[in-house]
$ cat protein29.cif   # mmCIF, C-alpha atoms and all ligand atoms
data_work
loop_
_atom_site.group_PDB
_atom_site.id
_atom_site.type_symbol
_atom_site.label_atom_id
_atom_site.label_comp_id
_atom_site.auth_asym_id
_atom_site.auth_seq_id
_atom_site.Cartn_x
_atom_site.Cartn_y
_atom_site.Cartn_z
ATOM 1 C CA MET T 44 48.846 53.414 -77.484
ATOM 2 C CA LEU T 45 46.935 50.473 -78.950
ATOM 3 C CA VAL T 46 48.775 47.855 -80.995
ATOM 4 C CA ILE T 47 46.272 46.015 -83.183
ATOM 5 C CA THR T 48 47.048 43.151 -85.543
ATOM 6 C CA THR T 49 43.629 42.402 -87.037
ATOM 7 C CA VAL T 50 41.438 44.196 -89.560
ATOM 8 C CA ALA T 51 38.399 43.575 -87.337
ATOM 9 C CA GLY T 52 40.197 45.155 -84.366
ATOM 10 C CA VAL T 53 40.956 48.333 -86.318
ATOM 11 C CA ARG T 54 37.409 48.561 -87.644
ATOM 12 C CA ALA T 55 35.954 48.216 -84.144
ATOM 13 C CA ARG T 56 38.167 51.017 -82.824
ATOM 14 C CA ARG T 57 37.280 53.188 -85.822
ATOM 15 C CA GLN T 58 33.573 52.782 -85.032
ATOM 16 C CA GLU T 59 34.228 54.019 -81.520
ATOM 17 C CA LEU T 60 36.015 57.099 -82.818
ATOM 18 C CA TRP T 61 33.163 57.913 -85.178
ATOM 19 C CA ARG T 62 30.759 57.695 -82.261
ATOM 20 C CA GLN T 63 32.942 60.202 -80.439
ATOM 21 C CA GLY T 64 33.226 62.416 -83.545
ATOM 22 C CA LEU T 65 37.022 62.114 -83.619
ATOM 23 C CA ARG T 66 39.199 62.460 -86.727
ATOM 24 C CA VAL T 67 42.050 60.139 -87.688
ATOM 25 C CA ALA T 68 45.299 61.033 -89.467
ATOM 26 C CA PHE T 69 46.960 57.948 -90.930
ATOM 27 C CA VAL T 70 50.662 57.268 -91.530
ATOM 28 C CA PRO T 71 51.330 54.048 -93.473
ATOM 29 C CA THR T 72 54.890 52.694 -93.061
ATOM 30 C CA MET T 73 56.955 49.581 -93.513
ATOM 31 C CA GLY T 74 58.516 50.065 -90.086
ATOM 32 C CA ALA T 75 62.223 50.397 -89.201
ATOM 33 C CA LEU T 76 61.161 53.899 -88.295
ATOM 34 C CA HIS T 77 63.336 56.992 -88.398
ATOM 35 C CA GLU T 78 62.878 60.761 -88.033
ATOM 36 C CA GLY T 79 61.251 60.963 -91.485
ATOM 37 C CA HIS T 80 58.398 58.716 -90.355
ATOM 38 C CA LEU T 81 58.134 60.551 -87.046
ATOM 39 C CA ALA T 82 57.826 63.899 -88.839
ATOM 40 C CA LEU T 83 54.730 62.478 -90.563
ATOM 41 C CA VAL T 84 53.294 61.454 -87.191
ATOM 42 C CA ARG T 85 54.027 64.884 -85.735
ATOM 43 C CA ARG T 86 52.283 66.640 -88.616
ATOM 44 C CA GLY T 87 49.400 64.172 -88.317
ATOM 45 C CA ARG T 88 48.866 65.260 -84.736
ATOM 46 C CA GLU T 89 48.268 68.813 -85.942
ATOM 47 C CA LEU T 90 45.679 67.640 -88.458
ATOM 48 C CA ALA T 91 43.448 65.227 -86.544
ATOM 49 C CA ASP T 92 42.427 64.050 -83.087
ATOM 50 C CA GLU T 93 44.365 60.809 -83.308
ATOM 51 C CA VAL T 94 47.295 59.606 -85.384
ATOM 52 C CA TRP T 95 47.195 55.981 -86.464
ATOM 53 C CA ALA T 96 50.215 54.364 -88.075
ATOM 54 C CA SER T 97 50.591 51.054 -89.823
ATOM 55 C CA VAL T 98 53.714 48.920 -89.824
ATOM 56 C CA PHE T 99 53.563 46.376 -92.617
ATOM 57 C CA VAL T 100 56.289 45.183 -94.961
ATOM 58 C CA ASN T 101 54.084 44.707 -97.993
ATOM 59 C CA PRO T 102 55.151 41.715 -100.095
ATOM 60 C CA THR T 103 53.180 42.789 -103.191
ATOM 61 C CA GLN T 104 55.392 45.824 -103.744
ATOM 62 C CA PHE T 105 58.676 43.880 -103.771
ATOM 63 C CA GLY T 106 59.904 42.309 -106.990
ATOM 64 C CA PRO T 107 61.688 38.993 -107.264
ATOM 65 C CA GLY T 108 65.260 39.393 -106.061
ATOM 66 C CA GLU T 109 64.449 42.564 -104.097
ATOM 67 C CA ASP T 110 64.950 42.852 -100.341
ATOM 68 C CA PHE T 111 61.567 41.694 -98.952
ATOM 69 C CA GLU T 112 63.119 39.020 -96.733
ATOM 70 C CA ARG T 113 65.976 41.099 -95.413
ATOM 71 C CA TYR T 114 64.029 44.379 -95.058
ATOM 72 C CA PRO T 115 64.741 45.563 -91.479
ATOM 73 C CA ARG T 116 61.980 44.642 -89.013
ATOM 74 C CA ASN T 117 61.833 45.722 -85.385
ATOM 75 C CA LEU T 118 58.229 46.136 -84.263
ATOM 76 C CA GLU T 119 59.096 46.550 -80.588
ATOM 77 C CA ARG T 120 61.292 49.562 -81.315
ATOM 78 C CA ASP T 121 58.751 50.999 -83.795
ATOM 79 C CA VAL T 122 55.977 50.721 -81.199
ATOM 80 C CA GLU T 123 58.161 52.501 -78.641
ATOM 81 C CA LEU T 124 58.980 55.358 -81.060
ATOM 82 C CA LEU T 125 55.368 55.795 -82.191
ATOM 83 C CA SER T 126 54.132 55.780 -78.633
ATOM 84 C CA ARG T 127 56.684 58.436 -77.638
ATOM 85 C CA GLU T 128 55.579 60.541 -80.592
ATOM 86 C CA GLY T 129 51.961 60.458 -79.421
ATOM 87 C CA ALA T 130 50.446 58.065 -81.964
ATOM 88 C CA ALA T 131 47.215 56.544 -80.629
ATOM 89 C CA LEU T 132 47.171 53.261 -82.548
ATOM 90 C CA VAL T 133 49.509 51.034 -84.543
ATOM 91 C CA PHE T 134 48.124 48.546 -87.015
ATOM 92 C CA ALA T 135 50.714 45.787 -87.445
ATOM 93 C CA PRO T 136 49.054 42.974 -89.393
ATOM 94 C CA SER T 137 50.647 39.737 -90.568
ATOM 95 C CA VAL T 138 50.913 39.013 -94.284
ATOM 96 C CA LYS T 139 48.138 36.431 -93.812
ATOM 97 C CA GLU T 140 45.857 39.042 -92.244
ATOM 98 C CA MET T 141 46.347 41.459 -95.158
ATOM 99 C CA TYR T 142 46.382 38.808 -97.883
ATOM 100 C CA PRO T 143 44.395 35.754 -96.691
ATOM 101 C CA HIS T 144 44.586 34.570 -100.295
ATOM 102 C CA PRO T 145 46.553 35.873 -103.268
ATOM 103 C CA PRO T 146 44.834 39.102 -104.377
ATOM 104 C CA GLU T 147 42.915 38.872 -107.631
ATOM 105 C CA VAL T 148 42.433 42.615 -107.974
ATOM 106 C CA ARG T 149 45.318 44.552 -109.457
ATOM 107 C CA ILE T 150 45.600 48.301 -109.712
ATOM 108 C CA SER T 151 47.522 49.344 -112.770
ATOM 109 C CA LEU T 152 48.979 52.771 -113.323
ATOM 110 C CA PRO T 153 50.069 52.508 -116.918
ATOM 111 C CA THR T 154 51.218 56.094 -117.323
ATOM 112 C CA LEU T 155 52.511 57.284 -113.956
ATOM 113 C CA SER T 156 54.404 54.073 -113.239
ATOM 114 C CA GLN T 157 56.229 54.226 -116.563
ATOM 115 C CA HIS T 158 58.685 56.745 -115.251
ATOM 116 C CA LEU T 159 61.478 56.939 -112.662
ATOM 117 C CA CYS T 160 61.374 54.030 -110.169
ATOM 118 C CA GLY T 161 58.409 52.443 -111.951
ATOM 119 C CA ALA T 162 60.541 51.808 -115.021
ATOM 120 C CA HIS T 163 63.060 49.868 -112.928
ATOM 121 C CA ARG T 164 60.699 48.123 -110.514
ATOM 122 C CA PRO T 165 57.936 46.478 -112.565
ATOM 123 C CA GLY T 166 54.801 45.957 -110.476
ATOM 124 C CA HIS T 167 56.121 47.975 -107.547
ATOM 125 C CA PHE T 168 53.602 50.819 -107.690
ATOM 126 C CA SER T 169 50.792 48.428 -108.465
ATOM 127 C CA GLY T 170 51.639 46.700 -105.165
ATOM 128 C CA VAL T 171 51.892 50.027 -103.338
ATOM 129 C CA ALA T 172 48.527 51.191 -104.698
ATOM 130 C CA LEU T 173 46.902 47.893 -103.726
ATOM 131 C CA VAL T 174 48.125 47.932 -100.141
ATOM 132 C CA VAL T 175 47.356 51.617 -99.669
ATOM 133 C CA ALA T 176 43.829 51.109 -101.056
ATOM 134 C CA LYS T 177 43.330 48.222 -98.620
ATOM 135 C CA LEU T 178 44.722 50.238 -95.710
ATOM 136 C CA PHE T 179 42.483 53.215 -96.568
ATOM 137 C CA ASN T 180 39.455 50.904 -96.588
ATOM 138 C CA ILE T 181 40.468 49.387 -93.256
ATOM 139 C CA VAL T 182 41.448 52.578 -91.409
ATOM 140 C CA GLN T 183 39.170 55.052 -93.223
ATOM 141 C CA PRO T 184 41.220 58.064 -92.178
ATOM 142 C CA GLU T 185 40.203 61.673 -92.787
ATOM 143 C CA VAL T 186 43.771 62.517 -93.817
ATOM 144 C CA ALA T 187 46.808 60.413 -94.722
ATOM 145 C CA LEU T 188 50.417 61.545 -94.713
ATOM 146 C CA PHE T 189 53.169 60.592 -97.141
ATOM 147 C CA GLY T 190 56.777 61.713 -97.565
ATOM 148 C CA ALA T 191 58.139 63.669 -100.516
ATOM 149 C CA LYS T 192 61.175 61.371 -100.302
ATOM 150 C CA ASP T 193 59.080 58.875 -102.305
ATOM 151 C CA PHE T 194 57.840 61.518 -104.718
ATOM 152 C CA GLN T 195 56.492 59.190 -107.388
ATOM 153 C CA GLN T 196 54.644 57.223 -104.718
ATOM 154 C CA ALA T 197 53.024 60.406 -103.400
ATOM 155 C CA VAL T 198 51.934 61.423 -106.910
ATOM 156 C CA ILE T 199 50.487 57.955 -107.503
ATOM 157 C CA ILE T 200 48.610 57.892 -104.189
ATOM 158 C CA GLN T 201 47.109 61.301 -104.905
ATOM 159 C CA ARG T 202 45.951 59.979 -108.253
ATOM 160 C CA LEU T 203 44.621 56.750 -106.691
ATOM 161 C CA VAL T 204 42.512 58.772 -104.280
ATOM 162 C CA GLU T 205 41.209 60.978 -107.076
ATOM 163 C CA ASP T 206 40.452 58.185 -109.541
ATOM 164 C CA LEU T 207 38.775 55.885 -106.995
ATOM 165 C CA ASN T 208 37.127 58.641 -104.912
ATOM 166 C CA PHE T 209 38.619 57.652 -101.586
ATOM 167 C CA PRO T 210 37.231 60.089 -99.008
ATOM 168 C CA VAL T 211 40.667 60.974 -97.676
ATOM 169 C CA ARG T 212 42.877 64.016 -98.003
ATOM 170 C CA ILE T 213 46.548 63.379 -98.828
ATOM 171 C CA GLU T 214 49.231 65.564 -97.315
ATOM 172 C CA VAL T 215 52.846 65.314 -98.469
ATOM 173 C CA ILE T 216 55.638 66.172 -96.032
ATOM 174 C CA PRO T 217 59.129 67.421 -97.010
ATOM 175 C CA THR T 218 62.015 64.944 -96.916
ATOM 176 C CA VAL T 219 63.819 64.698 -93.590
ATOM 177 C CA ARG T 220 67.599 64.501 -94.038
ATOM 178 C CA GLU T 221 70.709 63.593 -92.099
ATOM 179 C CA ALA T 222 73.154 66.426 -91.297
ATOM 180 C CA ASP T 223 75.099 65.769 -94.519
ATOM 181 C CA GLY T 224 71.964 65.849 -96.665
ATOM 182 C CA LEU T 225 71.392 62.102 -97.040
ATOM 183 C CA ALA T 226 67.645 61.470 -97.137
ATOM 184 C CA MET T 227 66.612 59.332 -94.180
ATOM 185 C CA SER T 228 65.573 55.859 -95.228
ATOM 186 C CA SER T 229 65.130 52.510 -93.542
ATOM 187 C CA ARG T 230 67.468 51.148 -96.205
ATOM 188 C CA ASN T 231 70.325 53.391 -95.007
ATOM 189 C CA ALA T 232 70.835 50.685 -92.363
ATOM 190 C CA TYR T 233 72.226 48.474 -95.126
ATOM 191 C CA LEU T 234 75.103 50.886 -95.818
ATOM 192 C CA GLN T 235 78.570 49.815 -94.727
ATOM 193 C CA GLU T 236 80.829 52.462 -93.216
ATOM 194 C CA GLY T 237 82.504 53.665 -96.436
ATOM 195 C CA GLU T 238 79.229 53.475 -98.319
ATOM 196 C CA ARG T 239 77.541 55.809 -95.853
ATOM 197 C CA ARG T 240 79.962 58.528 -96.984
ATOM 198 C CA GLN T 241 79.499 57.690 -100.669
ATOM 199 C CA ALA T 242 75.738 57.941 -100.205
ATOM 200 C CA GLN T 243 76.095 61.739 -99.915
ATOM 201 C CA ALA T 244 76.529 61.622 -103.687
ATOM 202 C CA LEU T 245 72.776 61.671 -104.321
ATOM 203 C CA TRP T 246 72.110 64.867 -102.395
ATOM 204 C CA GLN T 247 75.234 66.498 -103.817
ATOM 205 C CA ALA T 248 74.147 65.665 -107.352
ATOM 206 C CA LEU T 249 70.678 67.100 -106.692
ATOM 207 C CA GLN T 250 72.304 70.252 -105.342
ATOM 208 C CA ALA T 251 74.436 70.474 -108.471
ATOM 209 C CA GLY T 252 71.247 70.184 -110.529
ATOM 210 C CA ARG T 253 69.592 72.890 -108.467
ATOM 211 C CA GLU T 254 72.601 75.215 -108.879
ATOM 212 C CA ALA T 255 72.429 74.655 -112.624
ATOM 213 C CA VAL T 256 68.739 75.638 -112.720
ATOM 214 C CA LEU T 257 69.454 78.704 -110.609
ATOM 215 C CA GLY T 258 72.365 79.496 -112.925
ATOM 216 C CA GLY T 259 69.989 79.575 -115.906
ATOM 217 C CA GLU T 260 70.124 76.043 -117.305
ATOM 218 C CA ARG T 261 66.707 75.098 -118.687
ATOM 219 C CA SER T 262 67.438 72.003 -120.741
ATOM 220 C CA GLY T 263 66.250 68.781 -119.084
ATOM 221 C CA ARG T 264 68.989 66.771 -120.830
ATOM 222 C CA GLU T 265 71.704 69.188 -119.652
ATOM 223 C CA LEU T 266 70.414 69.059 -116.086
ATOM 224 C CA GLU T 267 70.569 65.275 -116.198
ATOM 225 C CA LYS T 268 74.164 65.486 -117.417
ATOM 226 C CA VAL T 269 75.118 67.869 -114.624
ATOM 227 C CA MET T 270 73.678 65.488 -112.021
ATOM 228 C CA LEU T 271 75.223 62.419 -113.620
ATOM 229 C CA ASN T 272 78.648 64.066 -113.663
ATOM 230 C CA ALA T 273 78.276 65.008 -110.009
ATOM 231 C CA LEU T 274 77.315 61.407 -109.145
ATOM 232 C CA ARG T 275 80.265 60.052 -111.083
ATOM 233 C CA ARG T 276 82.665 61.987 -108.890
ATOM 234 C CA HIS T 277 81.883 59.455 -106.154
ATOM 235 C CA GLN T 278 83.326 55.967 -106.198
ATOM 236 C CA GLY T 279 81.074 53.004 -105.598
ATOM 237 C CA VAL T 280 77.930 54.880 -106.695
ATOM 238 C CA TYR T 281 76.119 53.327 -109.646
ATOM 239 C CA PRO T 282 73.333 55.489 -111.088
ATOM 240 C CA GLN T 283 70.126 53.707 -112.080
ATOM 241 C CA TYR T 284 68.372 56.821 -113.346
ATOM 242 C CA VAL T 285 68.992 60.546 -113.221
ATOM 243 C CA ALA T 286 66.005 62.555 -114.363
ATOM 244 C CA ALA T 287 64.570 66.032 -114.779
ATOM 245 C CA VAL T 288 60.804 65.601 -114.980
ATOM 246 C CA ASP T 289 57.516 67.431 -114.638
ATOM 247 C CA PRO T 290 56.467 67.181 -110.950
ATOM 248 C CA HIS T 291 52.828 66.426 -111.917
ATOM 249 C CA THR T 292 53.067 64.070 -114.885
ATOM 250 C CA LEU T 293 56.581 62.745 -114.134
ATOM 251 C CA GLU T 294 57.293 63.056 -117.878
ATOM 252 C CA PRO T 295 60.812 64.112 -118.841
ATOM 253 C CA VAL T 296 60.976 67.865 -119.413
ATOM 254 C CA ASP T 297 62.517 69.241 -122.517
ATOM 255 C CA ARG T 298 62.687 72.879 -121.329
ATOM 256 C CA VAL T 299 62.081 73.719 -117.682
ATOM 257 C CA ALA T 300 59.290 76.285 -117.348
ATOM 258 C CA ASP T 301 58.414 77.162 -113.742
ATOM 259 C CA ARG T 302 59.436 74.087 -111.750
ATOM 260 C CA VAL T 303 61.203 70.801 -112.242
ATOM 261 C CA LEU T 304 61.537 67.592 -110.241
ATOM 262 C CA LEU T 305 65.121 66.358 -110.145
ATOM 263 C CA ALA T 306 65.176 62.673 -109.229
ATOM 264 C CA ILE T 307 67.907 60.085 -108.766
ATOM 265 C CA ALA T 308 68.112 56.387 -108.003
ATOM 266 C CA ALA T 309 71.523 54.837 -107.480
ATOM 267 C CA LEU T 310 73.107 51.776 -106.035
ATOM 268 C CA VAL T 311 75.625 52.507 -103.307
ATOM 269 C CA GLY T 312 77.393 49.198 -103.029
ATOM 270 C CA THR T 313 74.403 46.888 -103.226
ATOM 271 C CA THR T 314 71.936 49.284 -101.562
ATOM 272 C CA ARG T 315 69.457 51.049 -103.815
ATOM 273 C CA LEU T 316 68.847 54.625 -102.703
ATOM 274 C CA ILE T 317 66.530 57.284 -104.122
ATOM 275 C CA ASP T 318 66.265 61.005 -103.620
ATOM 276 C CA ASN T 319 64.678 63.997 -105.319
ATOM 277 C CA LEU T 320 64.313 67.740 -105.194
ATOM 278 C CA VAL T 321 61.743 70.116 -106.644
ATOM 279 C CA VAL T 322 63.414 73.267 -107.950
ATOM 280 C CA GLU T 323 61.483 76.450 -108.659
ATOM 281 C CA VAL T 324 62.766 78.606 -111.458
ATOM 282 C CA PRO T 325 63.567 82.081 -110.094
ATOM 283 C CA ARG T 326 61.356 84.832 -111.513
HETATM 284 P P1 LIG T 401 58.358 53.506 -95.783
HETATM 285 O O1 LIG T 401 58.354 52.964 -94.398
HETATM 286 O O2 LIG T 401 59.727 53.623 -96.372
HETATM 287 O O3 LIG T 401 57.356 52.844 -96.685
HETATM 288 O O4 LIG T 401 57.874 55.009 -95.650
HETATM 289 C C1 LIG T 401 56.655 55.330 -95.032
HETATM 290 C C2 LIG T 401 56.343 56.783 -95.288
HETATM 291 O O5 LIG T 401 57.381 57.598 -94.741
HETATM 292 C C3 LIG T 401 56.264 57.114 -96.774
HETATM 293 O O6 LIG T 401 55.212 58.057 -96.981
HETATM 294 C C4 LIG T 401 57.595 57.731 -97.039
HETATM 295 O O7 LIG T 401 57.596 58.632 -98.128
HETATM 296 C C5 LIG T 401 57.850 58.472 -95.740
HETATM 297 N N1 LIG T 401 59.280 58.737 -95.574
HETATM 298 C C6 LIG T 401 60.297 57.841 -95.666
HETATM 299 N N2 LIG T 401 61.476 58.457 -95.514
HETATM 300 C C7 LIG T 401 61.215 59.770 -95.311
HETATM 301 C C8 LIG T 401 62.017 60.934 -95.100
HETATM 302 N N3 LIG T 401 63.333 60.873 -95.053
HETATM 303 N N4 LIG T 401 61.388 62.112 -94.955
HETATM 304 C C9 LIG T 401 60.033 62.200 -95.011
HETATM 305 N N5 LIG T 401 59.223 61.145 -95.198
HETATM 306 C C10 LIG T 401 59.803 59.949 -95.357
#
$ encode --input "protein29.cif" --output "structure tokens"
Amino acid sequence: MLVITTVAGVRARRQELWRQGLRVAFVPTMGALHEGHLALVRRGRELADEVWASVFVNPTQFGPGEDFERYPRNLERDVELLSREGAALVFAPSVKEMYPHPPEVRISLPTLSQHLCGAHRPGHFSGVALVVAKLFNIVQPEVALFGAKDFQQAVIIQRLVEDLNFPVRIEVIPTVREADGLAMSSRNAYLQEGERRQAQALWQALQAGREAVLGGERSGRELEKVMLNALRRHQGVYPQYVAAVDPHTLEPVDRVADRVLLAIAALVGTTRLIDNLVVEVPR
């Protein structure tokens, strides 16, 4: 597996692949890899000749006071895991390589980033869209894989690709979970022992929301209440938002028609966790 740190290095390798007529599936990550990331790589291998991953903790998507500095970094381990999973190339640039000077171009997503995490992390999705646009232009993959765990991100990337005509297909992979339902996340490493147990609250609240839909509840507000009550049963869990929204527009739903996205962000201790679930209304 190649480990490349420069834009020029990736471009040169890409030229070679074009000459050989080979297709690339791309998995952008911030490293500290877990099974969720590896599931994306595995699916990528089914979709293209080579899977390329990036490992880059992108400063433009972190707000002031967020965890950019302390975000877990372990490139050696990430390289080992990606290599074992059959990735062909890892792009691991420095901040200087990606942003030789402060970027002038901003991508704004005035509607989609209003909701859910966007409402609590100003500028976050603008930073995500910028780095993903840059990575797409550098790697030029045929297909790129994203996790449903970051549902709003996946919706925004799909829209970015559509609005700016990136010649890439986006595939979204279901959330990979721990045995107790906790969505895998690099940030789970922050959880202290007791907090790890409390973190089950998010999945349990989503399940409670799902049960309510299956039991006939159609009011978005009521579903939010059900999930909030379920979260509140756990000590040390501080909800940031609990939402029942349209999976396409991310707008709050008044009455659930055929499907609803249930989404939660909560602090467990000082760690901010997110999770979500799409629930289909039974016919
Ligand atoms: P990150 O390194 O957190 O930026 O995530 C890189 C990619 O992996 C994103 O597309 C995430 O949505 C995806 N991802 C993260 N956690 C999971 C998970 N538990 N299951 C599936 N995909 C995930």
$ residues_around --input "protein29.cif" --residues "Asp318 (chain T)" --least-positions-apart "4" --cutoff "12 Å" --atoms "all atoms listed in the file" --output "VMD selection string"
chain T and resid 159 to 160 190 to 195 217 to 220 224 to 228 242 to 250 282 to 286 304 to 310
$ atom_distance --input "protein29.cif" --atom1 "CA of Arg66 (chain T)" --atom2 "CA of Gln183 (chain T)"
9.9 Å
$ resolve_selection --input "protein29.cif" --expression "the PyMOL selection byres (((chain T and resi 56) around 12) and not hetatm)" --output "list in words"
Leu45, Val46, Ile47, Thr49, Val50, Ala51, Gly52, Val53, Arg54, Ala55, Arg57, Gln58, Glu59, Leu60, Trp61, Arg62, Gln63, Leu65, Val67, Glu93, Trp95, Ala131, Leu132, Val133, Phe134, Ile181, Val182 and Gln183 of chain T
$ resolve_selection --input "protein29.cif" --expression "the PyMOL selection byres (((chain T and resi 73) around 8) and not hetatm)" --output "ChimeraX atom specification"
/T:71-72,74-76,97-101
$ closest_residue --input "protein29.cif" --among "T:Ala135, T:Leu188, T:Val148, T:Ile199" --to "Glu89 (chain T)" --atoms "all atoms listed in the file"
T:Leu188
$ residues_around --input "protein29.cif" --residues "Glu109 (chain T)" --least-positions-apart "2" --cutoff "12 Å" --atoms "all atoms listed in the file" --output "mmCIF file with C-alpha atoms, keeping the file's coordinate frame"
data_model
loop_
_atom_site.group_PDB
_atom_site.id
_atom_site.type_symbol
_atom_site.label_atom_id
_atom_site.label_comp_id
_atom_site.auth_asym_id
_atom_site.auth_seq_id
_atom_site.Cartn_x
_atom_site.Cartn_y
_atom_site.Cartn_z
ATOM 1 C CA PRO T 102 55.151 41.715 -100.095
ATOM 2 C CA THR T 103 53.180 42.789 -103.191
ATOM 3 C CA GLN T 104 55.392 45.824 -103.744
ATOM 4 C CA PHE T 105 58.676 43.880 -103.771
ATOM 5 C CA GLY T 106 59.904 42.309 -106.990
ATOM 6 C CA PRO T 107 61.688 38.993 -107.264
ATOM 7 C CA PHE T 111 61.567 41.694 -98.952
ATOM 8 C CA GLU T 112 63.119 39.020 -96.733
ATOM 9 C CA ARG T 113 65.976 41.099 -95.413
ATOM 10 C CA TYR T 114 64.029 44.379 -95.058
ATOM 11 C CA HIS T 163 63.060 49.868 -112.928
ATOM 12 C CA ARG T 164 60.699 48.123 -110.514
ATOM 13 C CA PRO T 165 57.936 46.478 -112.565
ATOM 14 C CA HIS T 167 56.121 47.975 -107.547
ATOM 15 C CA THR T 313 74.403 46.888 -103.226
ATOM 16 C CA THR T 314 71.936 49.284 -101.562
ATOM 17 C CA ARG T 315 69.457 51.049 -103.815
#
